[in-house]
file work.cif (mmCIF, C-alpha atoms and all ligand atoms)
data_run
loop_
_atom_site.label_atom_id
_atom_site.label_comp_id
_atom_site.auth_asym_id
_atom_site.auth_seq_id
_atom_site.Cartn_x
_atom_site.Cartn_y
_atom_site.Cartn_z
CA MET A 26 0.00 0.00 0.00
CA GLN A 27 1.27 3.46 -0.91
CA SER A 28 2.01 5.60 2.14
CA LEU A 29 0.28 8.95 2.53
CA VAL A 30 2.81 10.21 5.08
CA ASN A 31 3.82 13.76 4.06
CA LYS A 32 1.95 13.38 0.74
CA LYS A 33 -0.10 16.35 -0.42
CA VAL A 34 -3.78 15.58 -0.82
CA LEU A 35 -6.38 17.96 -2.28
CA VAL A 36 -10.07 17.28 -1.63
CA VAL A 37 -12.39 19.41 -3.76
CA GLY A 38 -15.71 19.45 -1.91
CA GLY A 39 -13.78 18.85 1.31
CA SER A 40 -15.76 21.23 3.52
CA SER A 41 -18.67 18.81 4.00
CA GLY A 42 -19.94 15.24 3.86
CA ILE A 43 -17.92 12.65 1.94
CA GLY A 44 -15.13 15.13 1.13
CA LEU A 45 -14.71 16.19 4.76
CA ALA A 46 -14.62 12.54 5.91
CA THR A 47 -11.93 11.90 3.26
CA ALA A 48 -9.89 14.83 4.56
CA VAL A 49 -10.12 13.42 8.11
CA LEU A 50 -8.87 9.98 7.02
CA ALA A 51 -6.08 11.37 4.83
CA LEU A 52 -4.84 13.50 7.74
CA LYS A 53 -4.92 10.45 10.03
CA ALA A 54 -2.82 8.62 7.43
CA GLY A 55 -0.17 11.35 7.70
CA ALA A 56 -0.97 13.48 4.63
CA GLN A 57 -0.98 17.27 4.37
CA VAL A 58 -4.51 18.07 3.28
CA THR A 59 -5.98 21.00 1.37
CA ILE A 60 -9.75 21.21 1.18
CA ALA A 61 -11.41 23.36 -1.46
CA SER A 62 -14.94 24.60 -2.05
CA ARG A 63 -16.86 27.81 -2.75
CA ASP A 64 -17.79 29.15 0.69
CA ARG A 65 -14.91 30.70 2.70
CA ALA A 66 -16.74 30.56 6.05
CA ARG A 67 -17.68 26.90 5.60
CA LEU A 68 -14.09 26.10 4.63
CA ASP A 69 -12.72 27.89 7.70
CA GLY A 70 -15.10 25.94 9.97
CA ALA A 71 -13.99 22.65 8.42
CA VAL A 72 -10.28 23.53 8.62
CA GLU A 73 -10.71 24.36 12.31
CA LYS A 74 -12.32 20.94 12.90
CA LEU A 75 -9.57 19.18 10.92
CA GLY A 76 -6.78 20.88 12.89
CA ALA A 77 -3.05 20.82 12.20
CA GLY A 78 -1.98 19.67 8.73
CA ALA A 79 -5.04 21.05 6.95
CA ASP A 80 -5.70 24.22 5.02
CA GLY A 81 -8.63 25.51 2.97
CA ARG A 82 -8.72 27.27 -0.39
CA VAL A 83 -11.65 28.75 -2.26
CA LEU A 84 -12.50 27.09 -5.57
CA ASP A 85 -15.66 27.08 -7.68
CA THR A 86 -15.49 24.16 -10.11
CA THR A 87 -18.14 25.77 -12.35
CA ASP A 88 -15.88 28.77 -12.95
CA GLN A 89 -13.20 28.07 -15.57
CA ALA A 90 -11.06 31.04 -14.47
CA SER A 91 -11.27 29.90 -10.83
CA VAL A 92 -10.11 26.37 -11.74
CA ASP A 93 -7.30 27.61 -14.00
CA ALA A 94 -6.03 30.09 -11.38
CA PHE A 95 -6.25 27.46 -8.63
CA PHE A 96 -4.04 24.97 -10.46
CA LYS A 97 -1.61 27.57 -11.87
CA THR A 98 -0.09 28.34 -8.47
CA ASP A 99 3.06 26.64 -7.16
CA ALA A 100 1.00 24.33 -4.97
CA LYS A 101 1.25 20.75 -6.22
CA TRP A 102 -0.62 17.68 -5.02
CA ASP A 103 0.16 13.98 -5.06
CA HIS A 104 -3.47 12.91 -4.84
CA VAL A 105 -6.60 14.80 -5.84
CA VAL A 106 -10.15 13.81 -4.92
CA THR A 107 -13.24 15.59 -6.14
CA SER A 108 -16.65 15.08 -4.57
CA ALA A 109 -18.11 18.53 -5.31
CA GLY A 110 -21.42 19.15 -6.94
CA ALA A 111 -24.90 17.70 -7.00
CA GLY A 112 -28.35 18.59 -8.32
CA GLY A 113 -30.23 17.83 -11.52
CA ARG A 114 -33.26 15.97 -10.16
CA GLY A 115 -36.58 16.44 -11.91
CA PHE A 116 -38.90 14.66 -14.38
CA LEU A 117 -36.92 15.03 -17.60
CA PRO A 118 -39.63 16.50 -19.88
CA GLU A 119 -40.28 19.18 -17.26
CA LEU A 120 -36.66 19.96 -16.35
CA PRO A 121 -35.79 23.42 -17.72
CA MET A 122 -32.71 23.30 -19.91
CA ASP A 123 -30.92 25.99 -17.89
CA ARG A 124 -31.25 23.84 -14.73
CA ALA A 125 -30.11 20.77 -16.66
CA PHE A 126 -27.01 22.57 -17.98
CA ALA A 127 -26.26 23.95 -14.49
CA ALA A 128 -26.35 20.45 -12.94
CA MET A 129 -24.05 19.02 -15.61
CA ASP A 130 -21.75 22.00 -15.11
CA ALA A 131 -21.70 21.64 -11.32
CA LYS A 132 -20.60 18.02 -11.40
CA PHE A 133 -19.47 16.50 -14.73
CA TRP A 134 -17.88 19.61 -16.26
CA GLY A 135 -16.42 20.55 -12.87
CA TYR A 136 -14.61 17.21 -12.67
CA PHE A 137 -13.60 17.55 -16.34
CA ARG A 138 -12.10 21.02 -15.73
CA ILE A 139 -10.10 19.68 -12.79
CA ALA A 140 -8.87 16.69 -14.80
CA ARG A 141 -7.64 19.09 -17.54
CA ALA A 142 -5.94 21.52 -15.18
CA VAL A 143 -4.36 19.31 -12.53
CA GLN A 144 -0.78 18.10 -12.75
CA LEU A 145 -0.14 14.88 -10.88
CA PRO A 146 3.04 12.83 -10.44
CA PRO A 147 3.35 9.36 -12.01
CA ASP A 148 2.71 7.72 -8.63
CA GLY A 149 -0.19 10.07 -7.84
CA SER A 150 -3.93 9.57 -8.24
CA LEU A 151 -7.15 11.30 -9.20
CA THR A 152 -10.35 10.03 -7.60
CA PHE A 153 -13.89 11.08 -8.51
CA VAL A 154 -17.15 10.51 -6.61
CA SER A 155 -20.11 9.56 -8.81
CA GLY A 156 -23.33 8.04 -7.37
CA GLN A 157 -25.37 4.84 -7.64
CA LEU A 158 -27.91 6.45 -9.99
CA SER A 159 -25.31 5.79 -12.72
CA GLN A 160 -26.21 2.10 -12.39
CA ILE A 161 -29.59 2.03 -10.65
CA PRO A 162 -32.14 4.33 -12.29
CA SER A 163 -34.80 6.13 -10.31
CA ARG A 164 -37.86 8.00 -11.56
CA GLY A 165 -37.24 11.73 -11.78
CA ALA A 166 -33.45 11.36 -11.65
CA THR A 167 -32.58 10.63 -15.29
CA LEU A 168 -30.17 13.53 -15.64
CA VAL A 169 -28.37 12.61 -12.40
CA SER A 170 -27.96 9.07 -13.80
CA ALA A 171 -26.45 10.54 -16.97
CA ILE A 172 -24.08 12.87 -15.07
CA ASN A 173 -22.75 10.04 -12.88
CA ALA A 174 -22.49 7.60 -15.80
CA ALA A 175 -20.54 10.25 -17.76
CA ILE A 176 -18.08 10.57 -14.86
CA GLU A 177 -17.62 6.80 -14.77
CA GLY A 178 -16.98 6.73 -18.54
CA MET A 179 -14.50 9.60 -18.19
CA THR A 180 -12.69 7.63 -15.47
CA ARG A 181 -11.86 4.77 -17.82
CA GLY A 182 -10.68 7.09 -20.61
CA LEU A 183 -8.62 9.26 -18.26
CA ALA A 184 -6.94 6.20 -16.75
CA LEU A 185 -5.52 5.60 -20.24
CA ASP A 186 -4.75 9.27 -20.94
CA LEU A 187 -3.02 10.01 -17.62
CA ALA A 188 -1.24 6.66 -17.07
CA PRO A 189 0.79 5.81 -15.07
CA THR A 190 -1.05 8.28 -12.80
CA ARG A 191 -4.08 6.32 -11.57
CA VAL A 192 -7.70 7.46 -12.01
CA ASN A 193 -10.66 5.87 -10.21
CA THR A 194 -14.24 6.61 -9.24
CA ILE A 195 -16.06 5.71 -6.05
CA CYS A 196 -19.79 5.26 -6.55
CA PRO A 197 -21.78 5.76 -3.33
CA GLY A 198 -25.35 4.83 -2.52
CA VAL A 199 -27.47 6.93 -0.17
CA ILE A 200 -25.11 8.43 2.42
CA ASP A 201 -26.04 10.40 5.52
CA THR A 202 -24.52 13.81 4.68
CA PRO A 203 -25.67 17.46 4.64
CA LEU A 204 -26.63 16.93 0.98
CA TRP A 205 -29.95 15.58 2.25
CA ASP A 206 -30.63 18.70 4.36
CA GLN A 207 -32.54 19.92 1.31
CA LEU A 208 -35.32 17.45 2.26
CA PRO A 209 -37.79 18.27 5.06
CA PRO A 210 -36.72 16.39 8.24
CA ASP A 211 -39.64 13.90 8.02
CA ALA A 212 -38.86 13.01 4.41
CA ARG A 213 -35.16 12.63 5.21
CA LYS A 214 -35.94 10.33 8.15
CA ALA A 215 -38.28 8.24 5.97
CA LEU A 216 -35.56 7.88 3.32
CA TYR A 217 -32.91 6.87 5.86
CA ASP A 218 -35.25 4.42 7.63
CA LYS A 219 -36.19 2.76 4.35
CA GLN A 220 -32.54 2.40 3.39
CA ALA A 221 -31.66 0.89 6.78
CA GLU A 222 -34.56 -1.58 6.52
CA THR A 223 -33.90 -2.75 2.97
CA LEU A 224 -30.16 -2.59 2.31
CA LEU A 225 -28.13 -5.78 2.75
CA THR A 226 -26.02 -3.94 5.34
CA ARG A 227 -29.18 -2.99 7.33
CA ARG A 228 -27.88 0.50 7.90
CA ILE A 229 -27.55 3.71 5.97
CA GLY A 230 -24.14 4.64 4.60
CA GLN A 231 -21.96 7.07 6.48
CA PRO A 232 -19.46 9.48 4.87
CA GLU A 233 -16.61 7.48 6.46
CA ASP A 234 -17.71 4.36 4.53
CA VAL A 235 -17.12 6.20 1.26
CA ALA A 236 -13.97 7.94 2.52
CA GLU A 237 -12.40 4.54 3.30
CA ALA A 238 -12.97 3.47 -0.32
CA ILE A 239 -11.49 6.76 -1.56
CA LEU A 240 -8.38 6.17 0.56
CA ALA A 241 -8.13 2.66 -0.92
CA ALA A 242 -8.29 4.09 -4.46
CA MET A 243 -5.61 6.64 -3.52
CA THR A 244 -3.18 4.15 -2.00
CA ASN A 245 -3.62 0.91 -3.98
CA ARG A 246 -0.88 1.04 -6.62
CA PHE A 247 -2.58 -1.49 -8.94
CA MET A 248 -6.03 0.08 -9.03
CA THR A 249 -6.88 2.30 -12.00
CA GLY A 250 -9.84 2.88 -14.32
CA THR A 251 -12.07 1.31 -11.68
CA VAL A 252 -15.57 2.23 -10.52
CA MET A 253 -16.02 0.94 -6.97
CA MET A 254 -19.58 0.64 -5.61
CA VAL A 255 -20.10 1.56 -1.93
CA GLU A 256 -23.87 1.22 -1.64
CA GLY A 257 -24.71 -1.42 0.97
CA GLY A 258 -25.64 -3.93 -1.75
CA ALA A 259 -28.29 -1.70 -3.36
CA GLY A 260 -27.20 -2.89 -6.81
CA LEU A 261 -27.82 -6.54 -5.95
CA LEU A 262 -31.28 -5.69 -4.64
CA SER A 263 -32.12 -3.78 -7.81
CA GLY A 264 -30.95 -6.72 -9.92
CA TYR A 265 -28.86 -4.57 -12.30
N1 LIG B 1 -24.87 11.91 0.05
C1 LIG B 1 -25.34 11.00 -0.80
O1 LIG B 1 -26.33 10.27 -0.51
C2 LIG B 1 -24.70 10.80 -2.14
C3 LIG B 1 -25.10 9.71 -2.92
C4 LIG B 1 -24.54 9.52 -4.17
C5 LIG B 1 -23.58 10.41 -4.65
N2 LIG B 1 -23.22 11.47 -3.88
C6 LIG B 1 -22.24 12.40 -4.43
O2 LIG B 1 -21.19 12.56 -3.52
C7 LIG B 1 -20.61 13.86 -3.69
C8 LIG B 1 -20.45 14.51 -2.30
O3 LIG B 1 -21.74 14.62 -1.74
P1 LIG B 1 -21.95 14.90 -0.20
O4 LIG B 1 -23.10 14.08 0.20
O5 LIG B 1 -20.66 14.82 0.52
O6 LIG B 1 -22.46 16.43 -0.30
P2 LIG B 1 -22.27 17.70 0.66
O7 LIG B 1 -22.16 17.27 2.09
O8 LIG B 1 -23.35 18.62 0.26
O9 LIG B 1 -20.85 18.29 0.21
C9 LIG B 1 -20.66 18.85 -1.06
C10 LIG B 1 -19.34 19.61 -1.05
O10 LIG B 1 -19.07 20.10 -2.39
C11 LIG B 1 -18.81 21.52 -2.31
N3 LIG B 1 -19.21 22.09 -3.58
C12 LIG B 1 -20.45 22.08 -4.13
N4 LIG B 1 -20.44 22.69 -5.33
C13 LIG B 1 -19.16 23.11 -5.53
C14 LIG B 1 -18.50 23.80 -6.57
N5 LIG B 1 -19.16 24.23 -7.67
N6 LIG B 1 -17.17 24.05 -6.47
C15 LIG B 1 -16.49 23.64 -5.38
N7 LIG B 1 -17.06 22.99 -4.35
C16 LIG B 1 -18.38 22.72 -4.43
C17 LIG B 1 -19.60 21.98 -1.09
O11 LIG B 1 -19.13 23.20 -0.52
P3 LIG B 1 -19.69 24.66 -0.97
O12 LIG B 1 -21.17 24.51 -1.16
O13 LIG B 1 -19.31 25.57 0.14
O14 LIG B 1 -18.99 24.97 -2.26
C18 LIG B 1 -19.31 20.82 -0.14
O15 LIG B 1 -18.02 20.94 0.40
C19 LIG B 1 -21.55 14.64 -4.62
O16 LIG B 1 -20.98 14.64 -5.90
C20 LIG B 1 -22.82 13.80 -4.61
O17 LIG B 1 -23.51 13.87 -5.85
C21 LIG B 1 -23.75 11.69 -2.62
#

call {"tool": "encode", "arguments": {"input": "work.cif", "output": "structure tokens", "more": "lines below"}}
Ligand SMILES: NC(=O)c1ccc[n+]([C@@H]2O[C@H](COP(=O)([O-])OP(=O)(O)OC[C@H]3O[C@@H](n4cnc5c(N)ncnc54)[C@H](OP(=O)(O)O)[C@@H]3O)[C@@H](O)[C@H]2O)c1
result
Amino acid sequence: MQSLVNKKVLVVGGSSGIGLATAVLALKAGAQVTIASRDRARLDGAVEKLGAGADGRVLDTTDQASVDAFFKTDAKWDHVVTSAGAGGRGFLPELPMDRAFAAMDAKFWGYFRIARAVQLPPDGSLTFVSGQLSQIPSRGATLVSAINAAIEGMTRGLALDLAPTRVNTICPGVIDTPLWDQLPPDARKALYDKQAETLLTRRIGQPEDVAEAILAAMTNRFMTGTVMMVEGGAGLLSGY
């Protein structure tokens, strides 16, 4: 296993949820961690929680100039993870095109911009976070399926383009993170309860479950072009 001691790790989307849990684990493994996202105050709060060895930098992955400026500085990373972005739900015929473009921009094109701009060493890695809708469709989430499937396709192509630098994607199921704060508390509880009842693991996923898989993708020297499911067996239940 590749050591993360004194390695530089960048987590885009690291101020919350899966990204923040990844930052915690990378720090524990001895890395120097930079987290990046749009909101300065949220970043500062997360950096304070993370403690020594962490810093936070503002980055908006939807803004080409922001991405270019971010990666043009002298700062270099050994491993880059991106978990930023979400959105795009809605019954496809009724989804306004501007909202559809914005969702694709926030996630797929954001990851694409980072992949174009980042410079990684031969023994480094790039890890994306997609989502189980890429494999398991759900009514009213067609665009989200397409966004996540596009990221998984990009992973395989990039693994060829950037070799020997490794490129992987972790594909989570429903995970208990602030992403679900958009739901009213009752609806969120109902979703989590249903997941815990039906999943093979009999519990809802936690950000640490996904972060552990991200660390594995970062440190396993023989893993590239892979999409790793971390969804409590949801795929088996759906029969895909
Ligand atoms: N939670 C789940 O159930 C679940 C399931 C499947 C897939 N996923 C995927 O997992 C990833 C992480 O989700 P999460 O649950 O950890 O969400 P989260 O807790 O809401 O965290 C999202 C993070 O991304 C940052 N971010 C959002 N837009 C950004 C942008 N344009 N540029 C830079 N940073 C941005 C946010 O900070 P700012 O808002 O301050 O920028 C925040 O740090 C997402 O791609 C999501 O689609 C999540």

call {"tool": "closest_atom_pairs", "arguments": {"input": "work.cif", "of": "chain A", "to": "ligand LIG 1 (chain B)", "cutoff": "6 Å", "atoms": "only C-alpha atoms and all ligand atoms", "output": "CSV"}}
result
residue,atom,partner,partner_atom,distance
A:Val37,CA,B:LIG1,N7,5.9
A:Gly38,CA,B:LIG1,O10,3.5
A:Gly39,CA,B:LIG1,O15,4.8
A:Ser40,CA,B:LIG1,O15,3.9
A:Ser41,CA,B:LIG1,O15,4.2
A:Gly42,CA,B:LIG1,O5,3.4
A:Ile43,CA,B:LIG1,O5,3.8
A:Gly44,CA,B:LIG1,O5,5.6
A:Ser62,CA,B:LIG1,N7,3.5
A:Arg63,CA,B:LIG1,O14,3.6
A:Asp64,CA,B:LIG1,O13,3.9
A:Arg67,CA,B:LIG1,O13,5.9
A:Leu84,CA,B:LIG1,C15,5.3
A:Asp85,CA,B:LIG1,N6,3.6
A:Thr86,CA,B:LIG1,N6,4.0
A:Thr87,CA,B:LIG1,N5,5.0
A:Ser108,CA,B:LIG1,C7,4.2
A:Ala109,CA,B:LIG1,O10,3.5
A:Gly110,CA,B:LIG1,N4,4.0
A:Ala111,CA,B:LIG1,O17,4.2
A:Ala131,CA,B:LIG1,N5,5.1
A:Val154,CA,B:LIG1,O2,5.5
A:Ser155,CA,B:LIG1,C5,5.5
A:Gly156,CA,B:LIG1,C5,3.6
A:Gln157,CA,B:LIG1,C4,5.9
A:Pro197,CA,B:LIG1,C4,4.7
A:Gly198,CA,B:LIG1,C3,4.9
A:Val199,CA,B:LIG1,O1,3.5
A:Ile200,CA,B:LIG1,O1,3.7
A:Asp201,CA,B:LIG1,N1,5.8
A:Thr202,CA,B:LIG1,O4,4.7
A:Pro203,CA,B:LIG1,O7,4.3
A:Leu204,CA,B:LIG1,O8,3.8

call {"tool": "atom_distance", "arguments": {"input": "work.cif", "atom1": "atom CA of Ala166 of chain A", "atom2": "atom CA of Thr226 of chain A"}}
result
24.0 Å

call {"tool": "residues_around", "arguments": {"input": "work.cif", "residues": "segment 183-185 of chain A", "least_positions_apart": "4", "cutoff": "7 Å", "atoms": "all atoms listed in the file", "output": "JSON, numbers by chain"}}
result
{"A": [179, 191, 192, 249, 250]}

call {"tool": "closest_residue", "arguments": {"input": "work.cif", "among": "A:Ala140, A:Ala66, A:Ile176, A:Val169", "to": "Gly113 of chain A", "atoms": "only C-alpha atoms"}}
result
A:Val169

call {"tool": "residues_around", "arguments": {"input": "work.cif", "residues": "Asn31 of chain A", "least_positions_apart": "4", "cutoff": "10 Å", "atoms": "only C-alpha atoms", "output": "PyMOL selection string"}}
result
chain A and resi 52+54-58+78+103

call {"tool": "atom_distance", "arguments": {"input": "work.cif", "atom1": "atom CA of Leu240 of chain A", "atom2": "atom CA of Pro162 of chain A"}}
result
27.1 Å

call {"tool": "atom_distance", "arguments": {"input": "work.cif", "atom1": "atom CA of Ile239 of chain A", "atom2": "atom CA of Ala94 of chain A"}}
result
25.9 Å

call {"tool": "residues_near_point", "arguments": {"input": "work.cif", "point": "(-4.6, 13.3, 1.9)", "cutoff": "12 Å", "atoms": "only C-alpha atoms", "output": "ChimeraX atom specification"}}
result
/A:27-37,39,44-60,75,78-80,102-106,149-152,236-237,239-244

call {"tool": "axis_aligned_box", "arguments": {"input": "work.cif", "around": "segment 213-232 of chain A", "padding_each_side": "6 Å", "output": "lines of an AutoDock Vina configuration file"}}
result
center_x = -28.9
center_y = 3.4
center_z = 5.2
size_x = 30.8
size_y = 30.4
size_z = 17.8

call {"tool": "closest_residue", "arguments": {"input": "work.cif", "among": "A:Pro147, A:Gly165, A:Pro210, A:Pro232", "to": "Pro189 of chain A", "atoms": "all atoms listed in the file"}}
result
A:Pro147

call {"tool": "residues_around", "arguments": {"input": "work.cif", "residues": "Glu256 of chain A", "least_positions_apart": "3", "cutoff": "12 Å", "atoms": "all atoms listed in the file", "output": "PyMOL selection string"}}
result
chain A and resi 155-158+160-161+195-201+220-221+223-232+234-235+238+253+259-263
